[in-house]
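A.B. asks: I'd like to ask some things about the structure below.
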Amino acid sequence: MATIQMDFGEEVLTIHLMGNWRVDSSPPNFASIEELFDTVGDVRVVAVTTNKVETWDSMLMTYLVKLVHLCRRHKLEFDRSPLPHDLRMLLNLSLAVPEHENAQLDVETKSFLGRVGKATVDRYGEFLEMLVFTGECFASVLRMLAGRTSVRWKDFWLIVQEVGANAIWIVTLVSFLIGLIIAFLGAVILNRFGADVYVSYLIGYGMLRELGALMTGIIIAGRTGAAFAAEIASMKFSEEIDALKTLGIDPIDFIFLPRILALFLMMPLLVLYADVIGVASGMLVSNLMLDVSVPIFLNGMKVAVALPDYLLGIFKGIVFGILVAISGCLRGMQSRGSAEGVGLATTSAVVTGITLVIFFNAIIDWIAAIYDI
């Protein structure tokens with residue numbers, strides 16, 4: 001059985017290890033030593049002796065390494081001189097191995113302002129990285145237009161099918177429900193004022209200008225953006241991207257450009273489709289609840305919605321498609337080489353995509369309000 005004995009001297013804590021330090025024997029509770037280190041006052045040096053250790057294996061080495069890290073955390077000196085030469089050499093070799101790149105490091109606790117500052121610097125670095133990546137993607141588009149690079153159109157059409165046709169069903173469901181909800185709320189409120197016919201104003205303006213593009217962008221960010229991030233993170237994990245670079249193939253031209261072009265092409269069409277479904281469901285509710293006929297509903301939409309409103313929604317779809325594609329590809333490239341990294345990249349892509357969609361929707365609406373569009 002492994003046991004320990006501790007002696008306190010002048011600024012020195014000596015830990016005597018005794019007994020059988022083997023894997024098949026139970027080690028002493030390390031938590032008691034951690035609690036002791038939290039209460040030591042004048043101790044500056046920690047020394048360990050193994051004179052009374054009868055047998056040992058890797059368990060003893062693991063215990064010593066944990067002691068060294070505990071001393072570093074509390075800024076105490078670990079004295080290795082009492083250890084036997086062979087054990088001291090093994091300990092030096094164990095500590096010479098660098099930390100794994102994904103290992104959790106013990107960092108000094110900062111103040112609230114320090115944590116805020118660090119988070120701000122980190123977000124600023126991510127913002128710059130996204131700007132650089134966006135510039136590289138834009139340069140890839142220019143190279144394609146200049147004929148200096150080519151797109152694998154077979155892959156492009158497969159991606160178009162995945163981001164467009166395969167997303168029809170979820171876009172249909174969400175758009176139908178959104179149009180239904182807007183019409184229902186409008187019917188409940190407008191009916192109190194005897195303004196039932198104006199429900200078409202609310203549905204037409206809300207869907208064509210705002211919610212059609214916004215909800216489609218959020219859907220695609222959660223569906224397609226996550227898929228892009230997972231695919232690229234998996235390729236990075238299996239070193240396929242490194243293989244492309246070794247062959248002299250730019251991953252941006254080969255992997256990212258087809259995905260950006262696919263969403264650039266399909267998002268306006270999906271927004272148009274979402275507008276039609278949302279207006280149709282709103283018209284259905286208006287007819288059933290308020291007895292507003294189809295001609296009256298359509299005439300109200302003609303009065304409420306102008307061509308710039310419709311075009312603004314389509315323009316939002318184009319912008320949202322580019323943002324979702326770039327955020328998904330970027331997060332996939334930023335993933336760490338592990339299965340956990342793939343999951344984190346997918347989650348980050350969804351959060352980034354939805355945040356950018358909502359943020360740029362507000363920016364576009366603000367600019368449109370300034371110029372009275």
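Following the order of the structure tokens, first chain is A, next is B, and so on, with residues numbered from 1 inside each chain and ligands from 1 in the order they appear.
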List as a PyMOL selection string the protein and nucleic acid residues near Ser150 (chain A), meaning an atom at most 10 Å away when only C-alpha atoms are counted, but skip any in the same chain fewer than 2 places from it.
C.D. replies: chain A and resi 140-141+143-148+152-153+253-254+257-258
A.B. asks: List the neighbours of Met215 (chain A) out to 9 Å using only C-alpha atoms; skip same-chain residues closer than 4 positions along the sequence, and give me the result as a list of chain:residue names.
C.D. replies: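 Non-adjacent residues within range: A:Val171, A:Val174, A:Ser175, A:Ile178, A:Glu210, A:Leu211, A:Ile219, A:Ile220, A:Val271, A:Ala274.
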A.B. asks: Restricting the output to N, CA and C atoms, write the selected residues as a PDB file, in the first residue's frame.
C.D. replies:
```pdb
ATOM      1  N   VAL A 171     -37.669  24.976 -45.900  1.00  0.00           N
ATOM      2  CA  VAL A 171     -38.036  26.359 -46.218  1.00  0.00           C
ATOM      3  C   VAL A 171     -39.546  26.475 -46.374  1.00  0.00           C
ATOM      4  N   VAL A 174     -41.208  26.283 -42.727  1.00  0.00           N
ATOM      5  CA  VAL A 174     -40.995  27.478 -41.903  1.00  0.00           C
ATOM      6  C   VAL A 174     -41.700  28.691 -42.506  1.00  0.00           C
ATOM      7  N   SER A 175     -41.611  28.868 -43.810  1.00  0.00           N
ATOM      8  CA  SER A 175     -42.250  30.021 -44.457  1.00  0.00           C
ATOM      9  C   SER A 175     -43.767  29.952 -44.327  1.00  0.00           C
ATOM     10  N   ILE A 178     -44.558  30.937 -40.762  1.00  0.00           N
ATOM     11  CA  ILE A 178     -44.326  32.368 -40.520  1.00  0.00           C
ATOM     12  C   ILE A 178     -45.455  33.200 -41.120  1.00  0.00           C
ATOM     13  N   GLU A 210     -38.894  41.708 -45.365  1.00  0.00           N
ATOM     14  CA  GLU A 210     -38.147  41.410 -44.144  1.00  0.00           C
ATOM     15  C   GLU A 210     -38.039  39.922 -43.841  1.00  0.00           C
ATOM     16  N   LEU A 211     -39.135  39.299 -43.468  1.00  0.00           N
ATOM     17  CA  LEU A 211     -39.073  37.974 -42.860  1.00  0.00           C
ATOM     18  C   LEU A 211     -38.766  36.860 -43.851  1.00  0.00           C
ATOM     19  N   ILE A 219     -32.419  29.709 -41.642  1.00  0.00           N
ATOM     20  CA  ILE A 219     -32.544  28.280 -41.957  1.00  0.00           C
ATOM     21  C   ILE A 219     -31.283  27.771 -42.646  1.00  0.00           C
ATOM     22  N   ILE A 220     -30.816  28.500 -43.642  1.00  0.00           N
ATOM     23  CA  ILE A 220     -29.636  28.063 -44.394  1.00  0.00           C
ATOM     24  C   ILE A 220     -28.389  28.111 -43.514  1.00  0.00           C
ATOM     25  N   VAL A 271     -35.327  32.631 -51.336  1.00  0.00           N
ATOM     26  CA  VAL A 271     -36.061  33.760 -50.759  1.00  0.00           C
ATOM     27  C   VAL A 271     -37.343  34.014 -51.542  1.00  0.00           C
ATOM     28  N   ALA A 274     -39.740  31.335 -50.592  1.00  0.00           N
ATOM     29  CA  ALA A 274     -40.254  31.563 -49.240  1.00  0.00           C
ATOM     30  C   ALA A 274     -41.286  32.688 -49.226  1.00  0.00           C
TER      31      ALA A 274
END
```
A.B. asks: For CA of Val68 (chain A) and CA of Ser111 (chain A), determine how far apart the two atoms are, in Å to one decimal place.
C.D. replies: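 Result for CA of Val68 (chain A) versus CA of Ser111 (chain A): 26.3 Å, one decimal.
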A.B. asks: Name the residues in contact with region 81-83 of chain A at a cut-off of 9 Å, using only C-alpha atoms, excluding same-chain residues fewer than 2 positions from it; report them as a list in words.
C.D. replies: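 These residues fall inside the cut-off: Ala47, Val48, Thr49, Thr50, Asn51, Asp79, His85, Asp86, Leu87 and Arg88 of chain A.
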A.B. asks: Would you save the residues from that selection as a CSV table (one decimal), in the first residue's frame, using N, CA and C atoms?
C.D. replies:
```csv
chain,number,residue,atom,x,y,z
A,47,ALA,N,10.0,19.3,-1.3
A,47,ALA,CA,11.0,18.2,-1.6
A,47,ALA,C,10.3,16.9,-1.4
A,48,VAL,N,10.7,15.9,-2.2
A,48,VAL,CA,10.1,14.6,-2.1
A,48,VAL,C,11.2,13.5,-1.9
A,49,THR,N,11.0,12.6,-1.0
A,49,THR,CA,11.9,11.5,-0.8
A,49,THR,C,11.3,10.2,-1.1
A,50,THR,N,12.0,9.2,-1.6
A,50,THR,CA,11.5,7.9,-1.9
A,50,THR,C,12.3,6.8,-1.3
A,51,ASN,N,13.0,7.1,-0.2
A,51,ASN,CA,13.9,6.1,0.5
A,51,ASN,C,13.1,4.9,1.0
A,79,ASP,N,12.0,20.6,-5.4
A,79,ASP,CA,13.3,20.1,-5.2
A,79,ASP,C,13.4,18.7,-5.6
A,85,HIS,N,18.8,8.9,-8.8
A,85,HIS,CA,19.2,9.4,-10.1
A,85,HIS,C,18.2,8.9,-11.3
A,86,ASP,N,17.9,7.6,-11.2
A,86,ASP,CA,17.1,7.0,-12.3
A,86,ASP,C,15.7,7.6,-12.3
A,87,LEU,N,15.1,7.8,-11.1
A,87,LEU,CA,13.8,8.4,-11.0
A,87,LEU,C,13.8,9.9,-11.4
A,88,ARG,N,14.9,10.6,-11.1
A,88,ARG,CA,15.0,12.0,-11.5
A,88,ARG,C,15.1,12.1,-13.0
```
A.B. asks: Excluding region 330-340 of chain A and its own-chain neighbours fewer than 2 positions away, which residues fall within 9 Å of it when counting only C-alpha atoms? Please give them as a JSON list (two decimals) with N, CA and C atoms, in the first residue's frame.
C.D. replies:
```
[["chain", "number", "residue", "atom", "x", "y", "z"],
["A", 102, "ASN", "N", -4.13, 20.85, -27.61],
["A", 102, "ASN", "CA", -5.49, 21.06, -27.15],
["A", 102, "ASN", "C", -5.62, 20.95, -25.63],
["A", 129, "GLU", "N", -9.24, 37.89, -39.00],
["A", 129, "GLU", "CA", -9.10, 36.63, -39.74],
["A", 129, "GLU", "C", -10.24, 36.44, -40.73],
["A", 130, "MET", "N", -11.45, 36.83, -40.33],
["A", 130, "MET", "CA", -12.59, 36.72, -41.24],
["A", 130, "MET", "C", -12.44, 37.68, -42.41],
["A", 133, "PHE", "N", -9.92, 36.16, -44.81],
["A", 133, "PHE", "CA", -10.52, 35.04, -45.53],
["A", 133, "PHE", "C", -11.51, 35.53, -46.58],
["A", 134, "THR", "N", -12.31, 36.54, -46.23],
["A", 134, "THR", "CA", -13.25, 37.11, -47.21],
["A", 134, "THR", "C", -12.51, 37.70, -48.40],
["A", 226, "ALA", "N", -23.74, 24.76, -41.32],
["A", 226, "ALA", "CA", -23.22, 23.67, -40.49],
["A", 226, "ALA", "C", -22.66, 22.55, -41.34],
["A", 228, "PHE", "N", -21.36, 22.79, -44.40],
["A", 228, "PHE", "CA", -20.07, 23.23, -44.96],
["A", 228, "PHE", "C", -18.96, 23.09, -43.93],
["A", 229, "ALA", "N", -19.22, 23.56, -42.71],
["A", 229, "ALA", "CA", -18.19, 23.50, -41.66],
["A", 229, "ALA", "C", -17.82, 22.07, -41.34],
["A", 230, "ALA", "N", -18.80, 21.18, -41.25],
["A", 230, "ALA", "CA", -18.51, 19.78, -40.93],
["A", 230, "ALA", "C", -17.72, 19.11, -42.04],
["A", 231, "GLU", "N", -18.09, 19.38, -43.29],
["A", 231, "GLU", "CA", -17.37, 18.77, -44.42],
["A", 231, "GLU", "C", -15.91, 19.22, -44.45],
["A", 232, "ILE", "N", -15.70, 20.52, -44.33],
["A", 232, "ILE", "CA", -14.33, 21.05, -44.43],
["A", 232, "ILE", "C", -13.51, 20.65, -43.20],
["A", 233, "ALA", "N", -14.13, 20.65, -42.02],
["A", 233, "ALA", "CA", -13.41, 20.21, -40.82],
["A", 233, "ALA", "C", -13.02, 18.74, -40.93],
["A", 234, "SER", "N", -13.89, 17.92, -41.49],
["A", 234, "SER", "CA", -13.55, 16.51, -41.69],
["A", 234, "SER", "C", -12.42, 16.35, -42.69],
["A", 235, "MET", "N", -12.44, 17.16, -43.74],
["A", 235, "MET", "CA", -11.35, 17.11, -44.72],
["A", 235, "MET", "C", -10.03, 17.55, -44.08],
["A", 236, "LYS", "N", -10.10, 18.54, -43.23],
["A", 236, "LYS", "CA", -8.88, 18.97, -42.54],
["A", 236, "LYS", "C", -8.40, 17.90, -41.57],
["A", 237, "PHE", "N", -9.33, 17.24, -40.89],
["A", 237, "PHE", "CA", -8.98, 16.18, -39.94],
["A", 237, "PHE", "C", -8.30, 15.01, -40.65],
["A", 238, "SER", "N", -8.78, 14.67, -41.84],
["A", 238, "SER", "CA", -8.18, 13.58, -42.61],
["A", 238, "SER", "C", -7.02, 14.03, -43.49],
["A", 239, "GLU", "N", -6.60, 15.30, -43.35],
["A", 239, "GLU", "CA", -5.44, 15.87, -44.04],
["A", 239, "GLU", "C", -5.63, 15.95, -45.56],
["A", 325, "ALA", "N", -22.04, 31.14, -46.44],
["A", 325, "ALA", "CA", -21.02, 30.31, -47.08],
["A", 325, "ALA", "C", -19.63, 30.62, -46.52],
["A", 326, "ILE", "N", -19.31, 31.90, -46.38],
["A", 326, "ILE", "CA", -17.99, 32.28, -45.88],
["A", 326, "ILE", "C", -17.81, 31.84, -44.42],
["A", 327, "SER", "N", -18.82, 32.06, -43.59],
["A", 327, "SER", "CA", -18.70, 31.68, -42.18],
["A", 327, "SER", "C", -18.58, 30.17, -42.02],
["A", 328, "GLY", "N", -19.33, 29.39, -42.81],
["A", 328, "GLY", "CA", -19.23, 27.94, -42.72],
["A", 328, "GLY", "C", -17.87, 27.43, -43.15],
["A", 342, "VAL", "N", -14.37, 18.95, -35.01],
["A", 342, "VAL", "CA", -15.41, 18.98, -36.04],
["A", 342, "VAL", "C", -16.73, 19.46, -35.44],
["A", 343, "GLY", "N", -17.07, 18.94, -34.26],
["A", 343, "GLY", "CA", -18.30, 19.37, -33.61],
["A", 343, "GLY", "C", -18.27, 20.83, -33.21],
["A", 344, "LEU", "N", -17.15, 21.29, -32.68],
["A", 344, "LEU", "CA", -17.03, 22.69, -32.30],
["A", 344, "LEU", "C", -17.11, 23.61, -33.52],
["A", 345, "ALA", "N", -16.49, 23.18, -34.63],
["A", 345, "ALA", "CA", -16.55, 23.99, -35.85],
["A", 345, "ALA", "C", -17.97, 24.10, -36.37],
["A", 346, "THR", "N", -18.72, 23.01, -36.30],
["A", 346, "THR", "CA", -20.11, 23.02, -36.75],
["A", 346, "THR", "C", -20.95, 23.98, -35.90],
["A", 348, "SER", "N", -19.87, 26.49, -34.06],
["A", 348, "SER", "CA", -19.41, 27.86, -34.28],
["A", 348, "SER", "C", -19.91, 28.41, -35.60],
["A", 349, "ALA", "N", -19.99, 27.56, -36.63],
["A", 349, "ALA", "CA", -20.48, 28.02, -37.94],
["A", 349, "ALA", "C", -21.94, 28.44, -37.86],
["A", 352, "THR", "N", -22.09, 31.76, -35.80],
["A", 352, "THR", "CA", -21.55, 32.88, -36.59],
["A", 352, "THR", "C", -22.48, 33.24, -37.73]]
```
A.B. asks: Just list as a ChimeraX atom specification whatever in region 214-263 of chain A DSSP marks as alpha helix (DSSP H).
C.D. replies: /A:214-220,226-237,240-246,251,257-263
A.B. asks: Write out as a PyMOL selection string the residues lying within 9 Å of Lys52 (chain A), counting only C-alpha atoms and excluding same-chain residues fewer than 5 positions away.
C.D. replies: chain A and resi 16-19
A.B. asks: Quick one: everything within 7 Å of Ala221 (chain A), counting only C-alpha atoms, minus sequence neighbours fewer than 3 positions away in the same chain. Send it as a list in words.
C.D. replies: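 In the requested form, the answer reads Gly217, Ile218, Thr224, Gly225, Ala226, Val324, Val350, Gly353 and Ile354 of chain A.
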A.B. asks: Could you please take those selected residues and save C-alpha atoms as a compact mmCIF listing (two decimals), in the first residue's frame?
C.D. replies:
```txt
# COMPACT_ATOMS: atom_id res chain seq x y z
CA GLY A 217 -31.02 33.07 -44.09
CA ILE A 218 -31.37 31.63 -40.58
CA THR A 224 -26.05 24.51 -44.99
CA GLY A 225 -23.54 26.53 -42.96
CA ALA A 226 -23.22 23.67 -40.49
CA VAL A 324 -23.37 31.91 -44.54
CA VAL A 350 -24.16 28.02 -37.00
CA GLY A 353 -23.87 32.50 -39.58
CA ILE A 354 -27.05 33.37 -37.69
```
A.B. asks: Go through A:Ala262, A:Val303, A:Val151, A:Val23 and flag the residue nearest Tyr63 (chain A), using only C-alpha atoms for the distances.
C.D. replies: A:Val23
A.B. asks: Give me, as a list in words, all polymer residues having an atom no more than 8 Å from Phe320 (chain A), counting only C-alpha atoms and skipping those fewer than 3 positions away in the same chain.
C.D. replies: Gly217, Met267, Lys316, Gly317, Leu323, Val324, Leu356, Val357 and Phe360 of chain A
A.B. asks: Selected residues, C-alpha atoms, written as a short mmCIF file (atom, residue, chain, number, x, y, z; two decimals), in the first residue's frame, please.
C.D. replies:
```
data_model
loop_
_atom_site.label_atom_id
_atom_site.label_comp_id
_atom_site.auth_asym_id
_atom_site.auth_seq_id
_atom_site.Cartn_x
_atom_site.Cartn_y
_atom_site.Cartn_z
CA GLY A 217 -31.02 33.07 -44.09
CA MET A 267 -30.36 32.04 -51.92
CA LYS A 316 -30.75 40.50 -48.61
CA GLY A 317 -30.91 36.88 -49.75
CA LEU A 323 -22.18 35.43 -45.40
CA VAL A 324 -23.37 31.91 -44.54
CA LEU A 356 -24.08 37.72 -39.25
CA VAL A 357 -27.46 37.27 -40.92
CA PHE A 360 -26.42 42.58 -41.65
#
```
